[in-house]
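Student: Got a structure here, written out as structure tokens. Questions coming.
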Amino acid sequence: MTMSIERLRALHALSVHGTIAAAAEAMHVTPSGVSQQLAKLERETGHRLLEQQGRGVRLTRAGHVLAGHAARVLAQLSAAAAELDGLRDDATGPVRLGAFVTAARSVLPPALAALRERHPGLSPTLVEGEAENVLPALARGDIDVAMVESWDTLPTPFPASVSNVLLSSDVIDLALPAAHPLARRRTVDLHELRGMRWACWTAGGTCERQLVQTLREHNVEPEIACNVADYPTQLAFVAAGLAAALIPRLGRDPVPSGVRILATRPVVRRKIYVAWRTAAGGPAVDACVEALRAAAERFMEDRPAA
């Protein structure tokens with residue numbers, strides 16, 4: 001049996017207001033419109049819902065039973081509408097985040113702690129990945145908010161369906177073994193780095209391509225000696241005298257003994273963005289963006305220079 005909500009609404013109005021005319025006035029329709037809705041409802045249910053009483057009508061036993069159910073159904077629909085309206089203003093429900101590993105380690109923990117305190121109805125989850133992984137996932141709708149990096153020497157392209165906000169700008173420093181002749185300097189020109197062996201990120205990934213592009217712009221063809229998706233491990237290779245590395249300040253703590261951190265000339269920078277699908281914004285996304293912005297700002301204020 002299928003019953004129209006509008007016809008249940010007409011029956012409920014009649015039960016509350018007592019007459020078809022009063023029910024019609026409350027619903028802002030004509031009396032004949034209410035009568036037609038009630039006649040159709042009787043055909044849908046197979047029960048007589050109204051009977052004549054003088055010049056008016058009254059509910060039959062079946063009419064009273066159905067009117068009671070109609071009141072509960074309409075109340076539940078009203079509650080559902082109110083809750084959905086509340087979602088426009090409150091950051092609640094699940095939200096899926098993606099981030100590159102150094103951001104996941106440094107910026108996300110304080111950001112998620114702030115979200116838990118300010119928006120306890122929000123339920124965030126995290127997946128780790130570089131821009132080449134998380135941005136397609138964001139565009140597909142597999143995640144809701146993404147933190148991505150973009151080196152000035154090899155900018156990250158954003159899909160047309162994605163909006164983004166700059167969180168911070170991070171300086172990339174040179175890490176050299178302490179015994180290397182250039183390690184006694186404060187600043188090293190990038191073109192002086194010919195013949196170096198390098199530790200860098202996953203082979204073929206965004207970070208490796210960014211390092212290679214940066215050095216090639218200064219006529220340095222890097223020899224990759226170590227591919228590992230972890231800056232502390234790269235620094236361990238540098239400390240052992242096996243390689244040099246370009247290390248963002250966001251990812252370099254702690255610096256082991258045997259490693260010197262130097263500034264480069266020109267300065268190499270990367271930008272850190274938070275991104276989301278433009279069509280899927282809302283309170284939950286806004287809350288995440290604000291928490292990530294504040295956490296990134298605090299973290300970068302505490303980063304030591306080279």
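Naming scheme: A, B, ... for chains in displayed order of the structure tokens; residues 1 onward per chain; ligands 1 onward as shown.
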Do you know which residues are at most 12 Å from segment 201-214 of chain A counting only C-alpha atoms, after dropping those on the same chain fewer than 4 positions away, and could you put them as number ranges by chain?

Tutor: A: 100-102, 129-134, 148-157, 172-174, 190-191, 193, 197, 218-235, 244-248, 264-270

Student: Please report, as a Markdown table, each residue of segment 1-21 of chain A lying at most 8 Å from segment 25-38 of chain A, together with the nearest pair of atoms and the separation in Å rounded to one decimal; use only C-alpha atoms, and order rows by chain and ascending residue number.

Tutor:
```
| residue | atom | partner | partner_atom | distance |
| --- | --- | --- | --- | --- |
| A:Glu6 | CA | A:Gln37 | CA | 7.7 |
| A:Arg7 | CA | A:Gln37 | CA | 5.2 |
| A:Ala10 | CA | A:Val34 | CA | 6.1 |
| A:Leu11 | CA | A:Leu38 | CA | 6.6 |
| A:Ala13 | CA | A:Ala26 | CA | 7.3 |
| A:Ile20 | CA | A:Pro31 | CA | 5.9 |
| A:Ala21 | CA | A:Pro31 | CA | 5.3 |
```

Student: Write out as a ChimeraX atom specification the residues lying within 9 Å of Ala291 of chain A, counting only C-alpha atoms and excluding same-chain residues fewer than 4 positions away.

Tutor: /A:108,110-112,114-115,286-287,295-296

Student: Keeping all heavy atoms, export the residues of the selection given above as a short mmCIF file (atom, residue, chain, number, x, y, z; two decimals), in the first residue's frame.

Tutor:
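The new file again.cif reads:
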```
data_model
loop_
_atom_site.label_atom_id
_atom_site.label_comp_id
_atom_site.auth_asym_id
_atom_site.auth_seq_id
_atom_site.Cartn_x
_atom_site.Cartn_y
_atom_site.Cartn_z
N LEU A 108 48.91 17.38 11.25
CA LEU A 108 47.60 16.78 11.46
C LEU A 108 47.29 16.44 12.92
O LEU A 108 46.16 16.66 13.36
CB LEU A 108 47.43 15.54 10.58
CG LEU A 108 46.90 15.86 9.19
CD1 LEU A 108 46.96 14.64 8.30
CD2 LEU A 108 45.47 16.37 9.24
N PRO A 110 47.96 17.96 15.90
CA PRO A 110 47.34 19.08 16.63
C PRO A 110 46.05 19.57 15.97
O PRO A 110 45.13 20.02 16.66
CB PRO A 110 48.42 20.16 16.62
CG PRO A 110 49.34 19.80 15.51
CD PRO A 110 49.32 18.32 15.42
N ALA A 111 45.97 19.48 14.64
CA ALA A 111 44.74 19.90 13.96
C ALA A 111 43.58 19.00 14.34
O ALA A 111 42.46 19.47 14.62
CB ALA A 111 44.95 19.90 12.45
N LEU A 112 43.81 17.68 14.36
CA LEU A 112 42.74 16.74 14.71
C LEU A 112 42.36 16.86 16.18
O LEU A 112 41.18 16.70 16.54
CB LEU A 112 43.17 15.32 14.38
CG LEU A 112 43.36 15.02 12.88
CD1 LEU A 112 43.77 13.57 12.67
CD2 LEU A 112 42.11 15.35 12.08
N ALA A 114 42.41 19.66 17.87
CA ALA A 114 41.57 20.87 17.94
C ALA A 114 40.17 20.58 17.41
O ALA A 114 39.18 21.05 17.97
CB ALA A 114 42.23 21.99 17.15
N LEU A 115 40.07 19.80 16.34
CA LEU A 115 38.75 19.45 15.81
C LEU A 115 37.94 18.66 16.82
O LEU A 115 36.73 18.88 16.97
CB LEU A 115 38.91 18.63 14.52
CG LEU A 115 39.25 19.41 13.25
CD1 LEU A 115 39.53 18.45 12.11
CD2 LEU A 115 38.13 20.36 12.87
N ASP A 286 34.88 23.22 6.11
CA ASP A 286 35.35 24.52 6.63
C ASP A 286 36.08 24.35 7.96
O ASP A 286 37.12 24.98 8.19
CB ASP A 286 34.17 25.46 6.82
CG ASP A 286 33.54 25.89 5.50
OD1 ASP A 286 34.18 25.69 4.45
OD2 ASP A 286 32.41 26.40 5.53
N ALA A 287 35.54 23.49 8.83
CA ALA A 287 36.18 23.27 10.13
C ALA A 287 37.56 22.64 9.96
O ALA A 287 38.52 23.01 10.64
CB ALA A 287 35.30 22.39 11.01
N ALA A 295 47.01 24.98 12.69
CA ALA A 295 48.07 24.07 13.11
C ALA A 295 49.33 24.26 12.27
O ALA A 295 50.45 24.25 12.79
CB ALA A 295 47.59 22.62 13.01
N ALA A 296 49.16 24.47 10.96
CA ALA A 296 50.32 24.69 10.09
C ALA A 296 51.03 25.99 10.44
O ALA A 296 52.26 26.06 10.47
CB ALA A 296 49.89 24.71 8.63
#
```

Student: Measuring between only C-alpha atoms, which one of A:Val289, A:Ala146, A:Val73, A:Leu59 shows the shortest distance to Arg96 of chain A?

Tutor: A:Ala146

Student: Which is closest to Gly54 of chain A among A:Thr19, A:Glu117, A:Leu77, A:Ala243, if we use only C-alpha atoms?

Tutor: A:Thr19

Student: Just asking: which residues within segment 2-231 of chain A are alpha helix (DSSP H) according to DSSP, as an MDAnalysis selection string?

Tutor: chainID A and resid 5:17 20:27 31:45 61:87 101:106 108:118 131:140 206:216 231

Student: Go ahead and dump the residues you just picked, C-alpha atoms, as a short mmCIF file (atom, residue, chain, number, x, y, z; two decimals), in the first residue's frame.

Tutor:
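Result file follows (again_26.cif):
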```
data_model
loop_
_atom_site.label_atom_id
_atom_site.label_comp_id
_atom_site.auth_asym_id
_atom_site.auth_seq_id
_atom_site.Cartn_x
_atom_site.Cartn_y
_atom_site.Cartn_z
CA ILE A 5 2.43 12.35 2.22
CA GLU A 6 0.30 15.26 1.03
CA ARG A 7 -2.86 13.19 1.49
CA LEU A 8 -1.76 12.17 4.98
CA ARG A 9 -1.12 15.84 5.66
CA ALA A 10 -4.71 16.65 4.60
CA LEU A 11 -6.09 13.95 6.91
CA HIS A 12 -3.96 15.24 9.80
CA ALA A 13 -5.16 18.81 9.18
CA LEU A 14 -8.79 17.65 9.26
CA SER A 15 -8.24 15.76 12.51
CA VAL A 16 -6.66 18.85 14.11
CA HIS A 17 -8.95 21.59 12.76
CA ILE A 20 -12.57 20.63 5.69
CA ALA A 21 -12.79 24.41 5.38
CA ALA A 22 -10.52 24.97 8.38
CA ALA A 23 -8.11 22.29 7.18
CA ALA A 24 -7.97 23.94 3.75
CA GLU A 25 -7.26 27.33 5.32
CA ALA A 26 -4.42 25.86 7.41
CA MET A 27 -2.92 24.19 4.34
CA PRO A 31 -11.72 23.05 0.38
CA SER A 32 -12.32 21.10 -2.83
CA GLY A 33 -8.60 20.37 -2.98
CA VAL A 34 -8.67 18.89 0.54
CA SER A 35 -11.80 16.84 -0.33
CA GLN A 36 -10.07 15.44 -3.43
CA GLN A 37 -6.95 14.47 -1.44
CA LEU A 38 -9.06 12.67 1.18
CA ALA A 39 -11.10 10.84 -1.47
CA LYS A 40 -7.88 9.62 -3.12
CA LEU A 41 -6.52 8.55 0.29
CA GLU A 42 -9.63 6.42 0.85
CA ARG A 43 -9.03 4.72 -2.50
CA GLU A 44 -5.34 4.16 -1.66
CA THR A 45 -6.10 2.58 1.72
CA ARG A 61 -12.60 4.59 13.28
CA ALA A 62 -10.20 3.86 10.41
CA GLY A 63 -9.80 7.59 9.89
CA HIS A 64 -8.80 8.11 13.53
CA VAL A 65 -6.29 5.24 13.35
CA LEU A 66 -4.69 6.58 10.19
CA ALA A 67 -4.73 10.17 11.46
CA GLY A 68 -2.71 9.05 14.51
CA HIS A 69 -0.13 7.44 12.27
CA ALA A 70 -0.11 10.50 10.00
CA ALA A 71 0.70 12.74 12.99
CA ARG A 72 3.71 10.57 13.89
CA VAL A 73 4.92 10.34 10.29
CA LEU A 74 4.70 14.11 9.80
CA ALA A 75 6.49 14.75 13.10
CA GLN A 76 9.30 12.40 12.06
CA LEU A 77 9.63 14.12 8.68
CA SER A 78 9.78 17.50 10.42
CA ALA A 79 12.53 16.23 12.73
CA ALA A 80 14.49 14.87 9.75
CA ALA A 81 14.21 18.20 7.93
CA ALA A 82 15.38 20.07 11.02
CA GLU A 83 18.37 17.76 11.45
CA LEU A 84 19.34 18.13 7.80
CA ASP A 85 19.05 21.91 8.09
CA GLY A 86 21.34 21.72 11.10
CA LEU A 87 24.02 20.07 8.99
CA VAL A 101 53.57 11.93 5.32
CA THR A 102 55.42 14.89 6.91
CA ALA A 103 52.17 16.82 7.21
CA ALA A 104 50.48 13.73 8.63
CA ARG A 105 53.19 13.52 11.29
CA SER A 106 53.56 17.19 12.21
CA LEU A 108 47.60 16.78 11.46
CA PRO A 109 47.86 15.60 15.11
CA PRO A 110 47.34 19.08 16.63
CA ALA A 111 44.74 19.90 13.96
CA LEU A 112 42.74 16.74 14.71
CA ALA A 113 43.02 17.36 18.45
CA ALA A 114 41.57 20.87 17.94
CA LEU A 115 38.75 19.45 15.81
CA ARG A 116 37.87 16.91 18.51
CA GLU A 117 37.64 19.69 21.10
CA ARG A 118 35.69 22.20 19.00
CA ALA A 131 49.69 14.74 -4.30
CA GLU A 132 49.65 12.38 -7.27
CA ASN A 133 47.56 9.96 -5.17
CA VAL A 134 45.42 12.14 -2.93
CA LEU A 135 44.31 14.71 -5.52
CA PRO A 136 42.73 12.11 -7.86
CA ALA A 137 41.10 10.51 -4.78
CA LEU A 138 39.77 13.94 -3.80
CA ALA A 139 38.37 14.59 -7.29
CA ARG A 140 36.66 11.15 -7.27
CA THR A 206 56.27 13.59 -6.86
CA CYS A 207 59.09 14.36 -4.39
CA GLU A 208 61.78 12.66 -6.45
CA ARG A 209 60.64 14.47 -9.60
CA GLN A 210 60.67 17.77 -7.72
CA LEU A 211 64.24 17.23 -6.49
CA VAL A 212 65.45 16.21 -9.96
CA GLN A 213 63.74 19.20 -11.60
CA THR A 214 65.20 21.62 -9.02
CA LEU A 215 68.76 20.42 -9.57
CA ARG A 216 68.47 20.20 -13.36
CA TYR A 231 63.07 12.14 5.72
#
```

Student: Would you pick out the contacts of Met300 of chain A at 9 Å or less, using only C-alpha atoms, so that residues sharing its chain but fewer than 6 positions from it are not included, and give the list as a PyMOL selection string?

Tutor: chain A and resi 168-170+249-250

Student: Got time to write the residues from that selection, all heavy atoms, as an mmCIF file, in the first residue's frame?

Tutor:
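Result file follows (part_17.cif):
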```cif
data_model
loop_
_atom_site.group_PDB
_atom_site.id
_atom_site.type_symbol
_atom_site.label_atom_id
_atom_site.label_comp_id
_atom_site.auth_asym_id
_atom_site.auth_seq_id
_atom_site.Cartn_x
_atom_site.Cartn_y
_atom_site.Cartn_z
ATOM 1 N N SER A 168 50.891 27.339 4.091
ATOM 2 C CA SER A 168 52.183 27.893 4.490
ATOM 3 C C SER A 168 53.188 27.695 3.363
ATOM 4 O O SER A 168 52.945 26.943 2.416
ATOM 5 C CB SER A 168 52.709 27.213 5.769
ATOM 6 O OG SER A 168 52.947 25.837 5.526
ATOM 7 N N SER A 169 54.288 28.388 3.485
ATOM 8 C CA SER A 169 55.415 28.229 2.575
ATOM 9 C C SER A 169 56.576 27.664 3.370
ATOM 10 O O SER A 169 56.906 28.182 4.449
ATOM 11 C CB SER A 169 55.791 29.568 1.938
ATOM 12 O OG SER A 169 56.868 29.411 1.036
ATOM 13 N N ASP A 170 57.190 26.602 2.870
ATOM 14 C CA ASP A 170 58.227 25.869 3.584
ATOM 15 C C ASP A 170 59.540 25.978 2.813
ATOM 16 O O ASP A 170 59.560 25.832 1.585
ATOM 17 C CB ASP A 170 57.793 24.404 3.711
ATOM 18 C CG ASP A 170 58.658 23.602 4.648
ATOM 19 O OD1 ASP A 170 59.412 24.203 5.434
ATOM 20 O OD2 ASP A 170 58.569 22.357 4.606
ATOM 21 N N ARG A 249 61.976 22.032 5.872
ATOM 22 C CA ARG A 249 62.038 22.264 7.325
ATOM 23 C C ARG A 249 60.898 21.562 8.057
ATOM 24 O O ARG A 249 61.042 21.176 9.214
ATOM 25 C CB ARG A 249 62.032 23.763 7.605
ATOM 26 C CG ARG A 249 63.320 24.417 7.143
ATOM 27 C CD ARG A 249 63.376 25.912 7.386
ATOM 28 N NE ARG A 249 64.618 26.448 6.806
ATOM 29 C CZ ARG A 249 64.925 27.734 6.763
ATOM 30 N NH1 ARG A 249 64.064 28.631 7.249
ATOM 31 N NH2 ARG A 249 66.059 28.134 6.230
ATOM 32 N N LEU A 250 59.766 21.399 7.377
ATOM 33 C CA LEU A 250 58.646 20.689 7.979
ATOM 34 C C LEU A 250 59.004 19.245 8.295
ATOM 35 O O LEU A 250 58.432 18.649 9.194
ATOM 36 C CB LEU A 250 57.438 20.728 7.036
ATOM 37 C CG LEU A 250 56.141 20.079 7.506
ATOM 38 C CD1 LEU A 250 55.607 20.788 8.739
ATOM 39 C CD2 LEU A 250 55.102 20.088 6.398
#
```

Student: Would you mind writing down, as a PyMOL selection string, each residue of segment 40-287 of chain A that DSSP on the backbone assigns to strand (DSSP E)?

Tutor: chain A and resi 50-53+56-59+93-99+122-128+145-151+162-177+187-189+197-200+223-227+245-248+259-265+268-277

Student: Atom CA of Val95 of chain A to atom CA of Leu126 of chain A: how many Å, to one decimal?

Tutor: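 Taking atom CA of Val95 of chain A and atom CA of Leu126 of chain A, their separation equals 8.8 Å.
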
Student: Please measure the separation of atom CA of Ala275 of chain A and atom CA of Pro254 of chain A, giving the value in Å to one decimal.

Tutor: 28.5 Å

Student: Let me make sure I understand: among A:Leu167, A:Ala236, A:Ala183, A:Leu49, which one has the smallest atom-to-atom distance to Ala263 of chain A if we use only C-alpha atoms?

Tutor: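 Nearest candidate to Ala263 of chain A out of A:Leu167, A:Ala236, A:Ala183, A:Leu49: A:Ala183.
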
Student: Quick one: of A:Glu290, A:Glu297, A:Thr2, A:Thr278, who's nearest to Ser161 of chain A, counting only C-alpha atoms?

Tutor: A:Thr278
